[in-house]
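Structure record follows, encoded as C-alpha coordinates.
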Amino acid sequence: MWFSASVIEGAGAARVEVVGEVDLATIVEFRRAVRAAEAAHATVEVDLSGAELIDSLGLGVLVGARRRCVERGGSLVVVDPPAHVVSLLDRSGLASLLGGPS
Amino acid sequence: MTWQRLVLPPTAESVAAARAFVVEVIGGLDWIRPRIEDLRLVVSEVVTNAVKAYDDGDATGPIEMAVQVQPDAVEVEITDHAGGFELPSEPPPLPHEGQENGRGLALVASMADGVSYRAVPEGTCVHLQWRRPG
(Lines give C-alpha, C1' and ligand atoms only; values in the text may rest on other atoms or scores of the structure.)
Protein backbone atom coordinates (compact mmCIF):
# COMPACT_ATOMS: atom_id res chain seq x y z
CA MET A 1 0.00 0.00 0.00
CA TRP A 2 1.46 3.32 -1.08
CA PHE A 3 1.77 5.96 1.63
CA SER A 4 3.58 9.25 1.74
CA ALA A 5 3.59 12.26 4.02
CA SER A 6 5.68 15.08 2.60
CA VAL A 7 6.61 18.30 4.34
CA ILE A 8 6.74 21.50 2.32
CA GLU A 9 8.15 24.53 4.08
CA GLY A 10 6.56 27.79 3.01
CA ALA A 11 7.00 31.36 4.15
CA GLY A 12 3.79 31.50 6.20
CA ALA A 13 3.32 27.88 7.13
CA ALA A 14 4.65 24.37 6.82
CA ARG A 15 2.41 22.02 4.89
CA VAL A 16 2.11 18.27 5.24
CA GLU A 17 0.76 16.51 2.17
CA VAL A 18 -0.65 13.09 2.85
CA VAL A 19 -1.26 10.47 0.19
CA GLY A 20 -2.70 7.09 1.13
CA GLU A 21 -4.02 5.64 4.37
CA VAL A 22 -3.06 6.76 7.86
CA ASP A 23 -3.36 3.73 10.12
CA LEU A 24 -1.33 1.56 12.48
CA ALA A 25 1.12 0.65 9.70
CA THR A 26 1.80 4.24 8.61
CA ILE A 27 1.31 6.20 11.84
CA VAL A 28 5.03 6.44 12.59
CA GLU A 29 5.75 7.97 9.20
CA PHE A 30 2.76 10.31 9.51
CA ARG A 31 3.80 11.43 13.01
CA ARG A 32 7.37 12.03 11.85
CA ALA A 33 6.15 14.27 9.02
CA VAL A 34 3.86 16.27 11.31
CA ARG A 35 6.69 16.70 13.83
CA ALA A 36 9.01 17.89 11.07
CA ALA A 37 6.42 20.43 9.96
CA GLU A 38 6.00 21.66 13.55
CA ALA A 39 9.75 22.02 13.86
CA ALA A 40 9.87 24.09 10.69
CA HIS A 41 6.96 26.41 11.50
CA ALA A 42 4.45 27.05 14.30
CA THR A 43 1.69 27.27 11.69
CA VAL A 44 1.00 23.92 10.06
CA GLU A 45 -1.43 22.97 7.32
CA VAL A 46 -2.20 19.30 6.86
CA ASP A 47 -3.45 18.61 3.36
CA LEU A 48 -5.63 15.51 3.53
CA SER A 49 -7.01 15.75 -0.01
CA GLY A 50 -5.09 12.60 -0.90
CA ALA A 51 -5.86 10.74 2.32
CA GLU A 52 -7.94 7.66 1.60
CA LEU A 53 -8.35 7.00 5.31
CA ILE A 54 -7.27 8.50 8.63
CA ASP A 55 -7.96 6.60 11.84
CA SER A 56 -8.17 7.65 15.48
CA LEU A 57 -4.40 7.34 15.86
CA GLY A 58 -3.95 9.88 13.08
CA LEU A 59 -6.51 12.21 14.63
CA GLY A 60 -4.61 11.95 17.93
CA VAL A 61 -1.38 13.03 16.22
CA LEU A 62 -3.15 16.07 14.78
CA VAL A 63 -4.71 17.03 18.12
CA GLY A 64 -1.34 16.83 19.91
CA ALA A 65 0.47 18.75 17.18
CA ARG A 66 -2.19 21.44 17.15
CA ARG A 67 -1.82 21.95 20.90
CA ARG A 68 1.95 22.42 20.58
CA CYS A 69 1.53 24.82 17.62
CA VAL A 70 -1.01 26.91 19.54
CA GLU A 71 1.29 27.03 22.57
CA ARG A 72 3.89 28.62 20.30
CA GLY A 73 1.44 31.17 18.94
CA GLY A 74 0.67 29.26 15.76
CA SER A 75 -2.04 26.88 14.63
CA LEU A 76 -2.70 23.62 12.85
CA VAL A 77 -5.54 23.14 10.40
CA VAL A 78 -6.65 20.40 8.07
CA VAL A 79 -7.02 21.65 4.50
CA ASP A 80 -8.86 20.14 1.54
CA PRO A 81 -10.42 17.27 3.48
CA PRO A 82 -12.34 14.80 1.32
CA ALA A 83 -15.96 14.10 2.30
CA HIS A 84 -15.12 11.06 4.43
CA VAL A 85 -12.63 13.10 6.47
CA VAL A 86 -15.14 15.95 6.93
CA SER A 87 -17.61 13.38 8.23
CA LEU A 88 -15.01 11.82 10.52
CA LEU A 89 -13.97 15.19 11.99
CA ASP A 90 -17.65 15.95 12.62
CA ARG A 91 -18.29 12.69 14.38
CA SER A 92 -15.07 12.95 16.37
CA GLY A 93 -16.06 16.35 17.71
CA LEU A 94 -12.97 17.84 16.06
CA ALA A 95 -14.52 19.76 13.17
CA SER A 96 -14.02 23.19 14.74
CA LEU A 97 -10.70 22.32 16.38
CA LEU A 98 -8.99 21.02 13.25
CA GLY A 99 -11.13 22.47 10.48
CA GLY A 100 -9.74 25.61 9.01
CA PRO A 101 -11.72 28.36 7.31
CA SER A 102 -13.59 26.68 4.50
CA MET B 1 -25.64 -17.28 3.86
CA THR B 2 -22.12 -18.21 4.73
CA TRP B 3 -19.30 -16.50 6.49
CA GLN B 4 -16.27 -15.55 4.41
CA ARG B 5 -13.19 -15.94 6.57
CA LEU B 6 -9.67 -14.53 6.70
CA VAL B 7 -6.87 -15.32 9.12
CA LEU B 8 -4.43 -12.50 9.85
CA PRO B 9 -1.18 -12.26 11.82
CA PRO B 10 -1.24 -9.69 14.64
CA THR B 11 0.82 -7.13 12.72
CA ALA B 12 0.27 -3.53 11.66
CA GLU B 13 -0.05 -4.56 8.02
CA SER B 14 -3.10 -6.67 8.87
CA VAL B 15 -5.20 -3.54 9.34
CA ALA B 16 -5.07 -2.70 5.63
CA ALA B 17 -5.50 -6.37 4.73
CA ALA B 18 -8.68 -6.49 6.83
CA ARG B 19 -10.06 -3.40 5.09
CA ALA B 20 -9.33 -4.85 1.67
CA PHE B 21 -11.00 -8.13 2.60
CA VAL B 22 -14.22 -6.57 3.84
CA VAL B 23 -14.48 -4.35 0.77
CA GLU B 24 -13.89 -7.35 -1.46
CA VAL B 25 -16.71 -9.31 0.19
CA ILE B 26 -19.34 -6.58 0.46
CA GLY B 27 -18.19 -3.89 -1.97
CA GLY B 28 -20.70 -4.95 -4.62
CA LEU B 29 -23.72 -4.19 -2.43
CA ASP B 30 -25.45 -1.02 -3.57
CA TRP B 31 -26.96 -0.17 -0.21
CA ILE B 32 -23.70 -0.35 1.71
CA ARG B 33 -21.81 1.92 -0.68
CA PRO B 34 -22.73 5.21 1.06
CA ARG B 35 -21.38 3.73 4.29
CA ILE B 36 -18.29 2.02 2.96
CA GLU B 37 -15.95 4.66 4.42
CA ASP B 38 -17.54 4.19 7.85
CA LEU B 39 -17.13 0.48 7.50
CA ARG B 40 -13.47 0.75 6.47
CA LEU B 41 -12.76 2.98 9.46
CA VAL B 42 -14.61 0.77 11.95
CA VAL B 43 -12.77 -2.33 10.71
CA SER B 44 -9.48 -0.42 11.00
CA GLU B 45 -10.16 0.63 14.58
CA VAL B 46 -11.24 -2.84 15.71
CA VAL B 47 -8.35 -4.65 14.01
CA THR B 48 -5.91 -2.05 15.39
CA ASN B 49 -7.20 -2.76 18.90
CA ALA B 50 -6.86 -6.47 18.23
CA VAL B 51 -3.25 -6.11 17.03
CA LYS B 52 -2.35 -3.92 20.01
CA ALA B 53 -3.86 -6.45 22.41
CA TYR B 54 -0.88 -8.69 21.61
CA ASP B 55 1.66 -6.03 22.63
CA ASP B 56 2.02 -6.96 26.28
CA GLY B 57 1.75 -10.72 26.12
CA ASP B 58 3.27 -13.85 24.70
CA ALA B 59 0.18 -14.78 22.69
CA THR B 60 0.84 -15.59 19.08
CA GLY B 61 -2.52 -16.92 17.90
CA PRO B 62 -3.95 -15.25 14.83
CA ILE B 63 -6.64 -12.66 14.39
CA GLU B 64 -9.67 -14.14 12.66
CA MET B 65 -12.02 -12.15 10.56
CA ALA B 66 -15.39 -13.24 9.24
CA VAL B 67 -17.78 -11.34 7.00
CA GLN B 68 -21.33 -12.33 6.14
CA VAL B 69 -23.82 -10.71 3.80
CA GLN B 70 -27.45 -11.22 4.75
CA PRO B 71 -30.48 -9.94 2.85
CA ASP B 72 -30.95 -7.10 5.34
CA ALA B 73 -27.55 -6.67 6.94
CA VAL B 74 -23.81 -7.04 6.78
CA GLU B 75 -22.08 -8.69 9.72
CA VAL B 76 -18.39 -8.58 10.52
CA GLU B 77 -16.64 -10.45 13.31
CA ILE B 78 -13.07 -9.81 14.40
CA THR B 79 -11.62 -12.22 16.94
CA ASP B 80 -8.25 -11.96 18.62
CA HIS B 81 -6.49 -14.60 20.70
CA ALA B 82 -4.34 -12.19 22.66
CA GLY B 83 -5.42 -13.33 26.10
CA GLY B 84 -8.66 -11.44 26.58
CA PHE B 85 -9.47 -7.99 27.91
CA GLU B 86 -12.10 -6.31 29.99
CA LEU B 87 -15.18 -6.16 27.82
CA PRO B 88 -16.64 -2.68 27.50
CA SER B 89 -20.19 -2.68 28.82
CA GLU B 90 -21.35 0.45 27.05
CA PRO B 91 -19.92 2.69 24.35
CA PRO B 92 -17.29 4.98 25.83
CA PRO B 93 -18.00 8.69 25.39
CA LEU B 94 -15.93 10.75 22.99
CA PRO B 95 -13.04 12.30 24.89
CA HIS B 96 -12.64 16.05 25.22
CA GLU B 97 -11.50 17.57 21.93
CA GLY B 98 -8.03 18.30 23.34
CA GLN B 99 -7.40 14.65 24.23
CA GLU B 100 -5.09 12.80 21.88
CA ASN B 101 -6.31 9.27 22.60
CA GLY B 102 -9.48 7.36 23.30
CA ARG B 103 -11.63 8.05 20.22
CA GLY B 104 -11.45 4.65 18.60
CA LEU B 105 -14.22 2.77 20.40
CA ALA B 106 -16.52 5.80 20.46
CA LEU B 107 -16.17 6.10 16.67
CA VAL B 108 -16.84 2.40 16.27
CA ALA B 109 -20.04 2.77 18.30
CA SER B 110 -21.20 5.76 16.27
CA MET B 111 -20.38 4.36 12.82
CA ALA B 112 -21.73 0.81 13.09
CA ASP B 113 -25.42 -0.05 13.62
CA GLY B 114 -24.57 -2.72 16.13
CA VAL B 115 -21.45 -3.50 18.17
CA SER B 116 -21.10 -6.25 20.74
CA TYR B 117 -18.16 -7.86 22.48
CA ARG B 118 -17.89 -11.36 23.82
CA ALA B 119 -15.13 -13.31 25.47
CA VAL B 120 -13.80 -16.32 23.58
CA PRO B 121 -11.07 -18.74 24.72
CA GLU B 122 -7.90 -16.67 25.09
CA GLY B 123 -9.39 -13.62 23.47
CA THR B 124 -12.20 -11.34 22.44
CA CYS B 125 -14.68 -11.37 19.59
CA VAL B 126 -16.11 -8.09 18.35
CA HIS B 127 -19.33 -8.43 16.38
CA LEU B 128 -20.28 -5.55 14.09
CA GLN B 129 -23.44 -5.05 12.09
CA TRP B 130 -24.68 -2.64 9.45
CA ARG B 131 -28.38 -2.86 8.59
CA ARG B 132 -29.94 -2.25 5.23
CA PRO B 133 -32.03 0.91 5.36
CA GLY B 134 -35.78 0.81 4.83
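Letters for chains follow the order of the C-alpha coordinates (A, B, ...), residue numbers begin at 1 for each chain, and ligand numbers begin at 1 in the order shown.
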
Distance cut-off 12 Å, counting only C-alpha atoms - which residues of chain B neighbour chain A? Return them as a ChimeraX atom specification. /B:10-20,34-52,93-111

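Near Gly114 in chain B, within 12 Å and counting only C-alpha atoms, sit Leu39, Val42, Ala73, Val74, Glu75, Val76, Glu77, Glu90, Pro91, Val108, Ala109, Ser110, Met111, Tyr117, Val126, His127, Leu128, Gln129, Trp130 and Arg131 of chain B; same-chain residues fewer than 3 positions away were not included.
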
Where does DSSP see strand (DSSP E or B) in range 10-93 of chain A, if you list the residues as a VMD selection string? chain A and resid 14 to 22 43 to 54 75 to 79

Write the residues of the selection above to a file with N, CA, C and O atoms, as an mmCIF file, in the first residue's frame.
```cif
data_model
loop_
_atom_site.group_PDB
_atom_site.id
_atom_site.type_symbol
_atom_site.label_atom_id
_atom_site.label_comp_id
_atom_site.auth_asym_id
_atom_site.auth_seq_id
_atom_site.Cartn_x
_atom_site.Cartn_y
_atom_site.Cartn_z
ATOM 1 N N ALA A 14 4.129 25.638 7.342
ATOM 2 C CA ALA A 14 4.653 24.370 6.820
ATOM 3 C C ALA A 14 3.455 23.500 6.483
ATOM 4 O O ALA A 14 2.461 23.491 7.207
ATOM 5 N N ARG A 15 3.547 22.831 5.348
ATOM 6 C CA ARG A 15 2.414 22.024 4.895
ATOM 7 C C ARG A 15 2.809 20.556 4.843
ATOM 8 O O ARG A 15 3.896 20.211 4.377
ATOM 9 N N VAL A 16 1.921 19.720 5.345
ATOM 10 C CA VAL A 16 2.114 18.271 5.240
ATOM 11 C C VAL A 16 1.128 17.767 4.196
ATOM 12 O O VAL A 16 -0.072 18.032 4.291
ATOM 13 N N GLU A 17 1.631 17.085 3.205
ATOM 14 C CA GLU A 17 0.765 16.514 2.167
ATOM 15 C C GLU A 17 0.721 15.003 2.330
ATOM 16 O O GLU A 17 1.753 14.336 2.242
ATOM 17 N N VAL A 18 -0.472 14.508 2.551
ATOM 18 C CA VAL A 18 -0.652 13.089 2.849
ATOM 19 C C VAL A 18 -1.279 12.388 1.643
ATOM 20 O O VAL A 18 -2.282 12.854 1.102
ATOM 21 N N VAL A 19 -0.674 11.296 1.240
ATOM 22 C CA VAL A 19 -1.260 10.471 0.187
ATOM 23 C C VAL A 19 -1.340 9.039 0.701
ATOM 24 O O VAL A 19 -0.324 8.477 1.142
ATOM 25 N N GLY A 20 -2.540 8.479 0.700
ATOM 26 C CA GLY A 20 -2.702 7.093 1.133
ATOM 27 C C GLY A 20 -3.489 6.995 2.422
ATOM 28 O O GLY A 20 -4.330 7.851 2.713
ATOM 29 N N GLU A 21 -3.218 5.965 3.184
ATOM 30 C CA GLU A 21 -4.023 5.640 4.366
ATOM 31 C C GLU A 21 -3.199 5.800 5.638
ATOM 32 O O GLU A 21 -2.115 5.224 5.752
ATOM 33 N N VAL A 22 -3.718 6.595 6.560
ATOM 34 C CA VAL A 22 -3.062 6.764 7.864
ATOM 35 C C VAL A 22 -3.671 5.746 8.819
ATOM 36 O O VAL A 22 -4.840 5.868 9.205
ATOM 37 N N THR A 43 2.967 27.370 12.402
ATOM 38 C CA THR A 43 1.695 27.265 11.694
ATOM 39 C C THR A 43 1.792 26.121 10.682
ATOM 40 O O THR A 43 2.657 26.133 9.801
ATOM 41 N N VAL A 44 0.929 25.140 10.872
ATOM 42 C CA VAL A 44 0.999 23.924 10.060
ATOM 43 C C VAL A 44 -0.334 23.701 9.361
ATOM 44 O O VAL A 44 -1.407 23.852 9.968
ATOM 45 N N GLU A 45 -0.247 23.382 8.088
ATOM 46 C CA GLU A 45 -1.427 22.971 7.323
ATOM 47 C C GLU A 45 -1.250 21.505 6.948
ATOM 48 O O GLU A 45 -0.192 21.117 6.445
ATOM 49 N N VAL A 46 -2.271 20.708 7.214
ATOM 50 C CA VAL A 46 -2.201 19.298 6.863
ATOM 51 C C VAL A 46 -3.183 19.054 5.726
ATOM 52 O O VAL A 46 -4.401 19.130 5.918
ATOM 53 N N ASP A 47 -2.635 18.813 4.558
ATOM 54 C CA ASP A 47 -3.447 18.608 3.359
ATOM 55 C C ASP A 47 -3.852 17.133 3.289
ATOM 56 O O ASP A 47 -3.013 16.265 3.030
ATOM 57 N N LEU A 48 -5.134 16.895 3.524
ATOM 58 C CA LEU A 48 -5.626 15.507 3.531
ATOM 59 C C LEU A 48 -6.405 15.173 2.255
ATOM 60 O O LEU A 48 -7.129 14.177 2.221
ATOM 61 N N SER A 49 -6.234 16.008 1.211
ATOM 62 C CA SER A 49 -7.009 15.754 -0.009
ATOM 63 C C SER A 49 -6.677 14.386 -0.615
ATOM 64 O O SER A 49 -7.512 13.785 -1.274
ATOM 65 N N GLY A 50 -5.471 13.903 -0.357
ATOM 66 C CA GLY A 50 -5.086 12.599 -0.900
ATOM 67 C C GLY A 50 -5.163 11.472 0.122
ATOM 68 O O GLY A 50 -4.685 10.365 -0.144
ATOM 69 N N ALA A 51 -5.771 11.767 1.273
ATOM 70 C CA ALA A 51 -5.861 10.736 2.319
ATOM 71 C C ALA A 51 -7.068 9.851 2.063
ATOM 72 O O ALA A 51 -8.201 10.323 2.058
ATOM 73 N N GLU A 52 -6.827 8.582 1.851
ATOM 74 C CA GLU A 52 -7.942 7.655 1.605
ATOM 75 C C GLU A 52 -8.571 7.187 2.905
ATOM 76 O O GLU A 52 -9.697 6.681 2.915
ATOM 77 N N LEU A 53 -7.833 7.378 3.989
ATOM 78 C CA LEU A 53 -8.354 7.000 5.311
ATOM 79 C C LEU A 53 -7.459 7.657 6.351
ATOM 80 O O LEU A 53 -6.251 7.780 6.142
ATOM 81 N N ILE A 54 -8.064 8.114 7.455
ATOM 82 C CA ILE A 54 -7.273 8.498 8.626
ATOM 83 C C ILE A 54 -8.017 7.972 9.844
ATOM 84 O O ILE A 54 -9.222 8.159 9.972
ATOM 85 N N SER A 75 -0.800 27.641 14.765
ATOM 86 C CA SER A 75 -2.041 26.884 14.629
ATOM 87 C C SER A 75 -1.783 25.649 13.772
ATOM 88 O O SER A 75 -0.729 25.529 13.135
ATOM 89 N N LEU A 76 -2.744 24.762 13.783
ATOM 90 C CA LEU A 76 -2.701 23.622 12.854
ATOM 91 C C LEU A 76 -4.101 23.422 12.316
ATOM 92 O O LEU A 76 -5.065 23.350 13.089
ATOM 93 N N VAL A 77 -4.224 23.397 11.003
ATOM 94 C CA VAL A 77 -5.536 23.140 10.400
ATOM 95 C C VAL A 77 -5.423 22.069 9.330
ATOM 96 O O VAL A 77 -4.367 21.889 8.708
ATOM 97 N N VAL A 78 -6.519 21.368 9.156
ATOM 98 C CA VAL A 78 -6.651 20.401 8.068
ATOM 99 C C VAL A 78 -7.187 21.147 6.861
ATOM 100 O O VAL A 78 -8.173 21.887 6.971
ATOM 101 N N VAL A 79 -6.542 20.987 5.716
ATOM 102 C CA VAL A 79 -7.024 21.653 4.504
ATOM 103 C C VAL A 79 -7.406 20.610 3.451
ATOM 104 O O VAL A 79 -6.869 19.509 3.407
#
```

Going by DSSP on the backbone, which bits of chain B are alpha helix (DSSP H)? Write them as a PyMOL selection string, please. chain B and resi 13-26+36-52+104-111

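Using only C-alpha atoms, the nearest neighbour of Asp80 in chain B within the list B:Pro121, B:Gly57, B:Pro133, B:Pro92 is B:Pro121.
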